[in-house]
Amino acid sequence: MGRFVIRRLLQMIPVFLGTTFLIFFMVHMLPGDPVRAMWGDKAVDPAQLASIRHNLGLDKPWYEQYLTYMGHLFQGDFGTTMGNRKVLDVITEALPVTVRLALLAFVFEIVLGVTIGLFAGLRRGKSFDKGTLILTLLLISIPVPVLGFIFQTVFATQLRWVTPTVQDSMNIGQLVLPALVLGSLSLAYVARLTRTSIVENIRADYIRTAVAKGLPRRKVIGTHLLRNSMIPVVTFLGTDLGALMGGAIVTEGIFNVKGVGNALYHAINLNEGATISGFVVVLVLVYLAASLIVDLLYAVLDPRIRYA
Amino acid sequence: MSAVARVRWAVIVATSVALVATGCSSTSSGGGGGGGNANGIVTAWWGDPANPLEPANTNEVNGGAVLDMIYTGLVAYDPKTSKAGNAMAESITSSDQQNWTVKIKPGWKFSDGTPVTAASFVDAWNYGALSTNKQVGSSFFQYIQGYKDVAPTSGSPAAQTMSGLKVVDDTSFTVALSQKFSTWPQTLGYAAYYPLPKSFFTDHAAFLDKPVGNGPYTIAAWTKSQKMQLRPNPDYSGSNKPKNAGIDLKVYTDTNAAYADLQAGNLDVDNGLPNSALKTIQSDLSGRFLNQPAGIIQTISFPLYQSDWSTGNAKLVRQGISMAIDRATITKVVFNNTRTPATDFTSPVLGDSGGYKEGLCGDTCKLNAAKAKQLIQQGGGIPGGQLTISYNADGPHKEWVDAVCNSINNAMGDTKACVGRPVGTFADFRNQVHGKQMTGGFRTGWQMDYPLIQNFLQPVYVTGASSNDSGYSNKAFDAKVSQANGEADAAKAVADYQDAEKMLATDLPAIPLWYQNGTVGWSSRASSVMLNPFSVPVYTEITVK
């Protein structure tokens with residue numbers, strides 16, 4: 001187990017270097033000059049342009065910029081934005097908001113998704129199961145922006161239960177509506193995965209044995225059936241957590257949540273390489289950690305899986 | 001029994017999760033329940049400013065809106081008539097239109113208590129111009145003597161201050177310009193010319209976190225990229241005292257989100273209205289909506305640096321193209337009337353006395369398909385056989401470019417006479433324009449820096465001027481503009497500028513399309529909302545119930 005974790009941690013290093021290199025390279029290859037764009041349609045003094053480029057290190061070849069960037073990164077320096085703010089400040093402002101939103105959506109999709117999937121699987125072919133299939137199909141086929149606007153119109157503009165946009169991005173209560181929208185698609189997947197898995201395992205030998213032994217139904221379902229059916233769901237949830245942390249540009253835009261998606265959108269619009277790279281670095285770390293946790297959870301869920 | 005247990009289990013999970021979640025929020029959110037406003041405070045739409053909030057380092061509308069609230073310059077523009085009037089200046093005088101004496105009103109203070117003196121202006125201007133300070137608005141000081149020494153085109157500056165600026169005493173200073181410029185005092189309302197307190201130079205980082213000014217408001221709190229709270233400045237000595245208890249600016253990245261808040265009453269003033277709302281806005285807001293021309297004109301420019309576009313025949317072709325464009329229909333259908341068809345090269349915000357002249361462009365800017373076709377054929381057809389109109393694809397331009405091309409195609413009776421040519425990003429597009437790589441028409445626009453006819457002509461059409469994208473060069477035009485700049489009498493100067501403008505109407509280095517309008521909508525709580533010539537709400541006048 002310990003050796004497995006160490007090996008996985010070591011594997012993260014090349015992955016981390018590779019992804020940061022790729023994103024740095026791609027941002028650099030974007031057409032147009034972010035420094036020149038600061039003036040819009042107006043003319044600029046070339047000397048002024050040159051001195052700003054020099055100040056931001058943009059006059060050096062890209063590989064040199066990459067090495068400098070990585071050097072600073074390992075000292076905890078993420079660079080500055082075009083507007084002369086520390087990128088680290090921008091990240092530490094946006095990340096807590098997105099963590100809240102993502103966890104809320106995550107909890108929502110686990111609790112509702114697994115429960116609905118479990119009951120649908122146990123009542124296979126009954127009306128609840130069919131209802132679940134229709135509902136999840138609906139959620140999967142409606143694009144997130146549409147769902148967002150529907151929720152906004154119904155709950156905020158008509159019912160007036162909440163304000164149309166989030167007034168304070170750190171307030172959990174106000175993040176519930178965006179989290180519902182954000183988690184709805186994954187909720188449908190989780191419910192479907194759980195249902196299929198339950199239906200498959202309920203016919204398995206070990207379940208028949210457990211029932212034959214005279215175990216209470218609660219224990220058969222809770223300890224044996226559900227636990228064994230969770231493996232594909234956990235795999236999905238692991239990658240999904242990473243995706244949720246990456247911020248939701250559309251959902252955050254609709255509800256004016258000041259999270260990672262919002263900050264990234266702004267940075268991409270302004271072609272701010274340092275900000276984009278900074279966020280990606282953090283997100284890569286989150287992704288790697290999430291996938292490691294998922295792998296470790298396999299062993300917890302299924303005793304047959306062992307890591308040497 | 002087992003079902004009950006299962007439900008109980010689910011409830012326990014759900015509540016414990018909720019507890020963890022709320023526990024999280026109470027520790028770090030600092031209790032910010034949204035919604036209700038304190039009495040008399042206006043909440044208004046805002047976008048994140050692109051640059052730090054320094055007067056000479058702000059060239060976009062979001063930063064500009066805040067600077068205009070927290071500073072008062074030497075002159076200010078009347079929100080209704082655009083006329084420049086003295087604000088902090090007692091007088092700005094000159095006998096030769098080149099050497100100016102500025103006297104400022106005594107007794108003014110910055111919100112940190114320090115006095116506003118002549119040095120506050122001179123130091124601020126020298127800071128703004130010096131190339132090593134990298135201020136985006138540095139070129140605003142280009143008319144002052146010694147600008148070339150502090151901001152040379154290449155290399156490091158030879159001087160730290162401009163030789164044309166001299167402090168006489170606490171309330172007066174002199175300015176020597178490098179050329180005659182009769183309307184120069186009227187340019188001084190722009191943000192780049194605001195004064196700066198001593199603390200700007202002594203503790204720059206702290207200043208950037210919370211800028212200090214001499215205007216009607218002060219910044220009470222600023223959470224970057226989220227919101228800014230502005231409150232009336234108790235030390236303010238001017239005449240634009242706020243009629244509300246303060247302004248709360250809220251940052252939105254999505255204009256639809258702001259519009260939803262406006263309709264629900266969570267936002268009082270929204271001047272970032274989404275295009276999708278414009279069709280229904282009158283009924284949505286029961287008429288609480290304003291749509292008026294701004295100091296922005298949109299044009300299609302031509303590469304006069306290319307040999308086939310610089311001939312006399314090409315001039316006829318350009319006139320023909322201009323007459324083929326159905327401005328009235330496009331502004332109505334594509335823009336929902338948020339553009340006004342252009343009939344000159346300036347903007348209606350200047351007013352008649354300021355130099356705007358309706359119809360100056362004459363028949364050339366009116367739709368006449370038959371004449372258009374005839375002129376284009378007379379000129380030997382479109383150079384290259386097909387007109388391309390380049391634009392940046394990351395802006396909302398495709399629709400109108402296609403509509404313009406459609407107009408031209410209809411007039412020519414040829415479905416391939418004109419096509420749009422998208423360029424990926426704005427930055428790339430401007431690089432191509434600036435690098436003189438255009439071979440056909442391209443999108444250009446001019447947003448005025450100050451409401452003066454000079455600002456619509458000199459930077460855009462004078463030979464070698466900073467924003468002369470078409471490469472237009474006409475000695476007679478240049479001479480007329482410089483004659484106007486030396487004219488002491490304002491009315492005579494305007495007449496001279498208009499004479500120069502008439503040359504543009506025949507040479508057509510650029511085709512005037514339409515004036516962009518500014519729009520603003522407001523909640524039922526708010527009243528007295530209006531837009532200034534720069535399409536920014538006049539925040540001091542807004543009142544809320």
# chains A, B, ... in the order shown; residues from 1 in each chain; ligands from 1
$ residues_around --residues "region 331-333 of chain B" --least-positions-apart "5" --cutoff "10 Å" --atoms "only C-alpha atoms" --output "PyMOL selection string"
chain B and resi 326+338-341+400+403+513-516
$ write_last_selection --atoms "N, CA, C and O atoms" --output "short mmCIF file (atom, residue, chain, number, x, y, z; two decimals), in the first residue's frame"
data_model
loop_
_atom_site.label_atom_id
_atom_site.label_comp_id
_atom_site.auth_asym_id
_atom_site.auth_seq_id
_atom_site.Cartn_x
_atom_site.Cartn_y
_atom_site.Cartn_z
N ASP B 326 -27.10 50.05 -46.79
CA ASP B 326 -28.41 50.44 -46.27
C ASP B 326 -28.31 50.60 -44.75
O ASP B 326 -28.67 49.70 -43.98
N THR B 338 -29.79 50.37 -31.53
CA THR B 338 -28.76 50.87 -30.62
C THR B 338 -27.58 51.46 -31.40
O THR B 338 -26.51 51.68 -30.85
N ARG B 339 -27.77 51.68 -32.69
CA ARG B 339 -26.83 52.47 -33.48
C ARG B 339 -27.67 53.50 -34.22
O ARG B 339 -28.84 53.26 -34.50
N THR B 340 -27.04 54.63 -34.55
CA THR B 340 -27.73 55.67 -35.30
C THR B 340 -26.95 55.88 -36.60
O THR B 340 -25.74 56.07 -36.55
N PRO B 341 -27.61 55.81 -37.77
CA PRO B 341 -26.88 55.97 -39.03
C PRO B 341 -26.04 57.25 -39.04
O PRO B 341 -26.52 58.31 -38.63
N TRP B 400 -23.23 42.30 -38.57
CA TRP B 400 -23.34 43.55 -39.34
C TRP B 400 -22.45 43.55 -40.56
O TRP B 400 -22.80 44.13 -41.60
N ALA B 403 -24.32 41.83 -43.11
CA ALA B 403 -25.42 42.67 -43.58
C ALA B 403 -24.93 43.75 -44.54
O ALA B 403 -25.56 44.04 -45.56
N LEU B 513 -20.26 54.60 -40.87
CA LEU B 513 -21.38 53.68 -40.85
C LEU B 513 -22.47 54.17 -39.91
O LEU B 513 -23.56 54.54 -40.32
N TRP B 514 -22.15 54.18 -38.61
CA TRP B 514 -23.15 54.60 -37.62
C TRP B 514 -22.47 55.03 -36.34
O TRP B 514 -21.32 54.72 -36.08
N TYR B 515 -23.22 55.80 -35.55
CA TYR B 515 -22.76 56.18 -34.21
C TYR B 515 -23.27 55.12 -33.25
O TYR B 515 -24.43 54.71 -33.33
N GLN B 516 -22.39 54.69 -32.36
CA GLN B 516 -22.84 53.72 -31.38
C GLN B 516 -23.60 54.43 -30.28
O GLN B 516 -23.25 55.52 -29.86
#
$ residues_around --residues "Leu88 (chain A)" --least-positions-apart "3" --cutoff "8 Å" --atoms "only C-alpha atoms" --output "count of residues only"
6
$ residues_around --residues "region 79-82 of chain B" --least-positions-apart "4" --cutoff "7 Å" --atoms "only C-alpha atoms" --output "PyMOL selection string"
chain B and resi 349-351+451+531-533
$ closest_residue --among "B:Lys148, B:Thr117, B:Asp254, B:Leu230" --to "Gly253 (chain A)" --atoms "only C-alpha atoms"
B:Asp254
$ select_by_dssp --residues "region 344-457 of chain B" --states "strand (DSSP E or B)" --output "ChimeraX atom specification"
/B:387-392,418-423,441-447
$ write_last_selection --atoms "all heavy atoms" --output "short mmCIF file (atom, residue, chain, number, x, y, z; two decimals), in the first residue's frame"
data_model
loop_
_atom_site.label_atom_id
_atom_site.label_comp_id
_atom_site.auth_asym_id
_atom_site.auth_seq_id
_atom_site.Cartn_x
_atom_site.Cartn_y
_atom_site.Cartn_z
N LEU B 387 -14.66 42.72 -52.83
CA LEU B 387 -14.36 43.49 -51.62
C LEU B 387 -14.39 42.55 -50.43
O LEU B 387 -15.35 41.81 -50.22
CB LEU B 387 -15.41 44.60 -51.44
CG LEU B 387 -15.28 45.43 -50.17
CD1 LEU B 387 -14.03 46.29 -50.21
CD2 LEU B 387 -16.51 46.29 -49.94
N THR B 388 -13.31 42.58 -49.63
CA THR B 388 -13.35 41.85 -48.36
C THR B 388 -13.45 42.88 -47.24
O THR B 388 -12.86 43.96 -47.33
CB THR B 388 -12.08 41.01 -48.14
OG1 THR B 388 -10.95 41.88 -48.24
CG2 THR B 388 -11.98 39.89 -49.16
N ILE B 389 -14.23 42.56 -46.21
CA ILE B 389 -14.28 43.42 -45.03
C ILE B 389 -13.77 42.60 -43.85
O ILE B 389 -14.39 41.63 -43.44
CB ILE B 389 -15.72 43.92 -44.76
CG1 ILE B 389 -16.22 44.73 -45.96
CG2 ILE B 389 -15.75 44.77 -43.49
CD1 ILE B 389 -17.64 45.23 -45.80
N SER B 390 -12.59 42.99 -43.34
CA SER B 390 -11.98 42.22 -42.25
C SER B 390 -12.53 42.70 -40.91
O SER B 390 -12.80 43.88 -40.71
CB SER B 390 -10.47 42.40 -42.26
OG SER B 390 -9.95 42.02 -43.51
N TYR B 391 -12.68 41.76 -39.98
CA TYR B 391 -13.12 42.09 -38.63
C TYR B 391 -12.58 41.04 -37.69
O TYR B 391 -12.15 39.97 -38.10
CB TYR B 391 -14.64 42.16 -38.55
CG TYR B 391 -15.34 40.86 -38.92
CD1 TYR B 391 -15.74 39.95 -37.94
CD2 TYR B 391 -15.59 40.53 -40.26
CE1 TYR B 391 -16.38 38.76 -38.28
CE2 TYR B 391 -16.22 39.34 -40.60
CZ TYR B 391 -16.61 38.47 -39.61
OH TYR B 391 -17.22 37.28 -39.96
N ASN B 392 -12.59 41.35 -36.38
CA ASN B 392 -12.15 40.36 -35.40
C ASN B 392 -13.33 39.50 -35.00
O ASN B 392 -14.39 39.98 -34.61
CB ASN B 392 -11.51 41.03 -34.19
CG ASN B 392 -12.38 42.11 -33.59
OD1 ASN B 392 -12.83 43.00 -34.30
ND2 ASN B 392 -12.63 42.02 -32.30
N CYS B 418 -18.94 41.13 -52.35
CA CYS B 418 -18.38 41.47 -51.05
C CYS B 418 -18.50 40.29 -50.11
O CYS B 418 -19.55 39.65 -50.05
CB CYS B 418 -19.13 42.67 -50.47
SG CYS B 418 -18.71 43.06 -48.77
N VAL B 419 -17.42 39.97 -49.37
CA VAL B 419 -17.48 38.94 -48.33
C VAL B 419 -16.79 39.43 -47.07
O VAL B 419 -15.88 40.26 -47.13
CB VAL B 419 -16.79 37.61 -48.77
CG1 VAL B 419 -17.58 36.90 -49.84
CG2 VAL B 419 -15.37 37.88 -49.20
N GLY B 420 -17.26 38.92 -45.93
CA GLY B 420 -16.61 39.23 -44.66
C GLY B 420 -15.36 38.39 -44.52
O GLY B 420 -15.30 37.27 -45.03
N ARG B 421 -14.33 38.92 -43.84
CA ARG B 421 -13.10 38.16 -43.62
C ARG B 421 -12.79 38.19 -42.13
O ARG B 421 -12.23 39.15 -41.62
CB ARG B 421 -11.96 38.79 -44.43
CG ARG B 421 -10.61 38.10 -44.19
CD ARG B 421 -9.50 38.79 -45.00
NE ARG B 421 -8.20 38.41 -44.48
CZ ARG B 421 -7.54 39.12 -43.57
NH1 ARG B 421 -8.04 40.21 -43.07
NH2 ARG B 421 -6.37 38.70 -43.14
N PRO B 422 -13.19 37.14 -41.40
CA PRO B 422 -12.94 37.13 -39.96
C PRO B 422 -11.48 36.87 -39.62
O PRO B 422 -10.82 36.05 -40.26
CB PRO B 422 -13.82 35.98 -39.45
CG PRO B 422 -14.04 35.10 -40.62
CD PRO B 422 -13.92 35.96 -41.86
N VAL B 423 -10.96 37.58 -38.63
CA VAL B 423 -9.63 37.33 -38.08
C VAL B 423 -9.86 36.88 -36.64
O VAL B 423 -10.63 37.50 -35.91
CB VAL B 423 -8.76 38.61 -38.10
CG1 VAL B 423 -7.42 38.36 -37.45
CG2 VAL B 423 -8.57 39.09 -39.53
N GLY B 441 -11.32 46.32 -47.40
CA GLY B 441 -11.88 47.12 -46.31
C GLY B 441 -11.67 46.44 -44.97
O GLY B 441 -11.50 45.23 -44.91
N PHE B 442 -11.67 47.22 -43.89
CA PHE B 442 -11.57 46.62 -42.55
C PHE B 442 -12.31 47.50 -41.55
O PHE B 442 -12.43 48.70 -41.70
CB PHE B 442 -10.12 46.37 -42.13
CG PHE B 442 -9.22 47.57 -42.24
CD1 PHE B 442 -8.95 48.35 -41.12
CD2 PHE B 442 -8.62 47.91 -43.44
CE1 PHE B 442 -8.11 49.45 -41.21
CE2 PHE B 442 -7.79 49.02 -43.54
CZ PHE B 442 -7.53 49.79 -42.43
N ARG B 443 -12.77 46.82 -40.49
CA ARG B 443 -13.55 47.47 -39.45
C ARG B 443 -12.69 48.42 -38.64
O ARG B 443 -11.62 48.04 -38.15
CB ARG B 443 -14.10 46.40 -38.51
CG ARG B 443 -14.83 46.89 -37.33
CD ARG B 443 -15.10 45.77 -36.36
NE ARG B 443 -14.04 45.59 -35.39
CZ ARG B 443 -13.88 46.34 -34.31
NH1 ARG B 443 -14.71 47.34 -34.07
NH2 ARG B 443 -12.90 46.12 -33.46
N THR B 444 -13.12 49.66 -38.48
CA THR B 444 -12.44 50.58 -37.57
C THR B 444 -13.49 51.31 -36.76
O THR B 444 -14.65 51.39 -37.15
CB THR B 444 -11.58 51.62 -38.33
OG1 THR B 444 -12.33 52.08 -39.46
CG2 THR B 444 -10.26 51.05 -38.76
N GLY B 445 -13.09 51.81 -35.63
CA GLY B 445 -14.01 52.57 -34.81
C GLY B 445 -13.22 53.60 -34.05
O GLY B 445 -12.02 53.45 -33.86
N TRP B 446 -13.86 54.67 -33.67
CA TRP B 446 -13.17 55.68 -32.87
C TRP B 446 -14.04 56.07 -31.70
O TRP B 446 -15.19 56.46 -31.86
CB TRP B 446 -12.82 56.91 -33.71
CG TRP B 446 -12.11 57.94 -32.90
CD1 TRP B 446 -12.62 59.09 -32.42
CD2 TRP B 446 -10.75 57.88 -32.44
NE1 TRP B 446 -11.67 59.76 -31.69
CE2 TRP B 446 -10.51 59.04 -31.68
CE3 TRP B 446 -9.72 56.95 -32.60
CZ2 TRP B 446 -9.28 59.30 -31.09
CZ3 TRP B 446 -8.49 57.21 -32.00
CH2 TRP B 446 -8.28 58.38 -31.26
N GLN B 447 -13.46 55.91 -30.51
CA GLN B 447 -14.15 56.36 -29.31
C GLN B 447 -13.44 57.61 -28.84
O GLN B 447 -12.23 57.60 -28.62
CB GLN B 447 -14.09 55.27 -28.25
CG GLN B 447 -14.71 55.72 -26.94
CD GLN B 447 -15.00 54.56 -26.02
OE1 GLN B 447 -14.43 53.48 -26.17
NE2 GLN B 447 -15.89 54.77 -25.07
#
